[in-house]
Amino acid sequence: MAKQFKPETLCVQAGWTPKKGEPRVLPIYQSTTFKYDTSEQMARLFDLEDSGYFYTRLQNPTNDAVAAKIAALEGGVAAMLTSSGQAANFYAIFNICQAGDHFVCSSAIYGGTFNLFGVTMKKLGIDVTFVHPDASEEEISAAFQPNTKALFGETISNPSLEVLDIEKFARIAHSHGVPLIVDNTFPTPINCRPFEWGADIIVHSTTKYMDGHATSVGGCIVDSGNFDWDAHADKFPGLCTPDESYHGLTYTKAFGKGAYITKATAQLMRDLGSIQSPQNSFLLNLGLETLHLRMPQHCRNAQKVAEYLSKNEKVAWVNYCGLPDNKYYALAQKYMPNGSCGVISFGLKGGRDVSIKFMDSLEFIAIVTHVADARSCVLHPASHTHRQLSDEQLMEAGVRPDLIRLSVGIENADDIIADIEQALNA
């Protein structure tokens with residue numbers, strides 16, 4: 001799908017272009033395997049000499065169409081769907097890091113990612129240094145080591161809602177000859193396009209706004225095609241030297257700008273298998289078709305709710321980058337002039353116990369371990385998603401013990417505010 005189309009058109013049209021007599025709606029290719037006429041045809045697929053489908057663990061037409069739509073929305077050259085956002089984060093790093101390597105990461109990231117990078121990946125011999133995203137370029141640069149292979153951050157951090165200075169992070173990464181990997185889950189490409197600000201690889205939890213209806217867990221990795229792996233070949237032997245598991249094929253030589261995603265598919269998906277099911281991809285695609293309609297409504301509602309909370313005397317603090325007095329307001333205006341996302345964090349006077357009483361008093365705003373779908377929902381990270389962290393770690397991850405994460409849905413804003421008001425009064 002041509003790049004000249006605007007995002008709204010890409011949401012509806014990209015990825016699947018039916019030919020004469022084919023289904024207008026993307027079909028679900030609910031098949032594990034695909035037929036060929038000769039042994040030679042199959043052999044060429046296994047040698048990566050031909051492109052095609054032979055086993056859904058590697059590639060599936062439904063998944064590829066949806067990945068192509070997300071790549072088009074982000075302005076990337078290629079993308080790969082995964083079974084979850086966590087799988088996308090893991091693959092994005094593991095595709096260029098191996099035992100003995102190191103990467104640098106913003107400390108203001110989703111608790112599950114913090115644990116994946118800080119605990120589980122260390123068991124694989126891949127080390128990480130966490131840096132505060134607001135630190136100076138000199139401080140962040142000081143965390144780099146000779147074996148550093150990537151810099152990672154979230155455009156809007158979950159749940160602390162810190163806005164990443166993408167250009168600053170890109171400058172630092174590129175000065176050290178490594179790619180910037182950005183998780184763009186919260187703003188989505190409708191509100192933020194990190195590749196335009198220097199990011200090299202984008203990851204998503206498609207579970208959130210992209211699906212938009214809380215039906216399907218999934219993830220995606222998108223490659224900009226802009227990072228020159230061969231210019232730093234000594235750092236990235238997996239991409240720039242022969243892969244013995246594919247008869248000595250070198251990904252950068254064989255696939256050019258498609259090298260990174262091809263390696264992630266042909267090697268990591270082959271061996272680890274965290275694929276998205278075609279059924280879930282189909283549901284994700286339905287969500288993507290209305291993403292450009294839902295995101296502005298989430299943002300409009302969240303803005304109204306944030307303004308209401310900021311004026312309420314029972315509220316101790318509100319964090320939403322759409323408020324002019326927010327410390328990230330200027331950065332948000334730069335990177336997301338049309339709005340950020342529908343997620344707000346705030347604290348109530350009286351701390352943790354009052355927060356829990358408030359949440360238990362809500363009527364239609366539900367307590368769920370989820371965020372960023374059509375329905376308004378709420379969570380207390382210190383008691384729920386981040387309960388494995390100490391108070392010190394909570395503060396390092398930007399999660400205050402009294403923090404309430406409110407995901408504002410696409411209902412009527414007055415009804416959302418009325419539910420909050422009655423719960424505050426209770």
# chains A, B, ... in the order shown; residues from 1 in each chain; ligands from 1
>>> residues_around(residues="Thr32 (chain A)", least_positions_apart="2", cutoff="8 Å", atoms="only C-alpha atoms", output="ChimeraX atom specification")
/A:30,34,55-57
>>> write_last_selection(atoms="N, CA and C atoms", output="mmCIF file, in the first residue's frame")
data_model
loop_
_atom_site.group_PDB
_atom_site.id
_atom_site.type_symbol
_atom_site.label_atom_id
_atom_site.label_comp_id
_atom_site.auth_asym_id
_atom_site.auth_seq_id
_atom_site.Cartn_x
_atom_site.Cartn_y
_atom_site.Cartn_z
ATOM 1 N N GLN A 30 -6.937 -20.188 8.706
ATOM 2 C CA GLN A 30 -6.846 -21.005 9.912
ATOM 3 C C GLN A 30 -6.287 -22.379 9.530
ATOM 4 N N PHE A 34 0.734 -25.413 4.505
ATOM 5 C CA PHE A 34 0.408 -24.981 3.152
ATOM 6 C C PHE A 34 1.020 -25.962 2.151
ATOM 7 N N TYR A 55 4.466 -23.019 6.955
ATOM 8 C CA TYR A 55 4.074 -23.435 8.296
ATOM 9 C C TYR A 55 3.738 -22.178 9.083
ATOM 10 N N THR A 56 2.593 -22.153 9.757
ATOM 11 C CA THR A 56 2.103 -20.925 10.381
ATOM 12 C C THR A 56 2.978 -20.452 11.535
ATOM 13 N N ARG A 57 3.784 -21.337 12.135
ATOM 14 C CA ARG A 57 4.703 -20.864 13.182
ATOM 15 C C ARG A 57 5.674 -19.831 12.614
#
>>> residues_around(residues="Val222 (chain A)", least_positions_apart="3", cutoff="7 Å", atoms="only C-alpha atoms", output="ChimeraX atom specification")
/A:71,76,78-80,201-203
>>> select_by_dssp(residues="region 62-211 of chain A", states="strand (DSSP E or B)", output="PyMOL selection string")
chain A and resi 78-82+102-106+127-131+148-154+156+163+180-183+201-205
>>> closest_atom_pairs(of="region 212-296 of chain A", to="region 41-45 of chain A", cutoff="12 Å", atoms="only C-alpha atoms", output="tab-separated table")
residue	atom	partner	partner_atom	distance
A:Tyr246	CA	A:Leu45	CA	11.1
A:His247	CA	A:Arg44	CA	12.0
A:Ala266	CA	A:Leu45	CA	10.7
>>> write_last_selection(atoms="C-alpha atoms", output="CSV table (one decimal), in the first residue's frame")
chain,number,residue,atom,x,y,z
A,246,TYR,CA,20.6,-21.2,7.1
A,247,HIS,CA,23.5,-22.6,5.0
A,266,ALA,CA,13.3,-17.1,10.2
>>> closest_residue(among="A:Ser216, A:Ser141, A:Ser345, A:Asn425", to="Lys314 (chain A)", atoms="only C-alpha atoms")
A:Asn425
>>> closest_residue(among="A:Arg171, A:His102, A:Lys311, A:Lys304", to="Phe144 (chain A)", atoms="only C-alpha atoms")
A:His102
>>> closest_residue(among="A:Ser106, A:Gly177, A:Gly153, A:Ser281", to="Ala231 (chain A)", atoms="only C-alpha atoms")
A:Gly177
>>> closest_residue(among="A:Gly256, A:Gly248, A:Pro296, A:Gly75", to="Pro194 (chain A)", atoms="only C-alpha atoms")
A:Gly75
>>> residues_around(residues="region 133-136 of chain A", least_positions_apart="3", cutoff="8 Å", atoms="only C-alpha atoms", output="list in words")
Ser106, Ser107, Ala108, Glu139, Ile140, Gly153, Leu164 and Asp165 of chain A
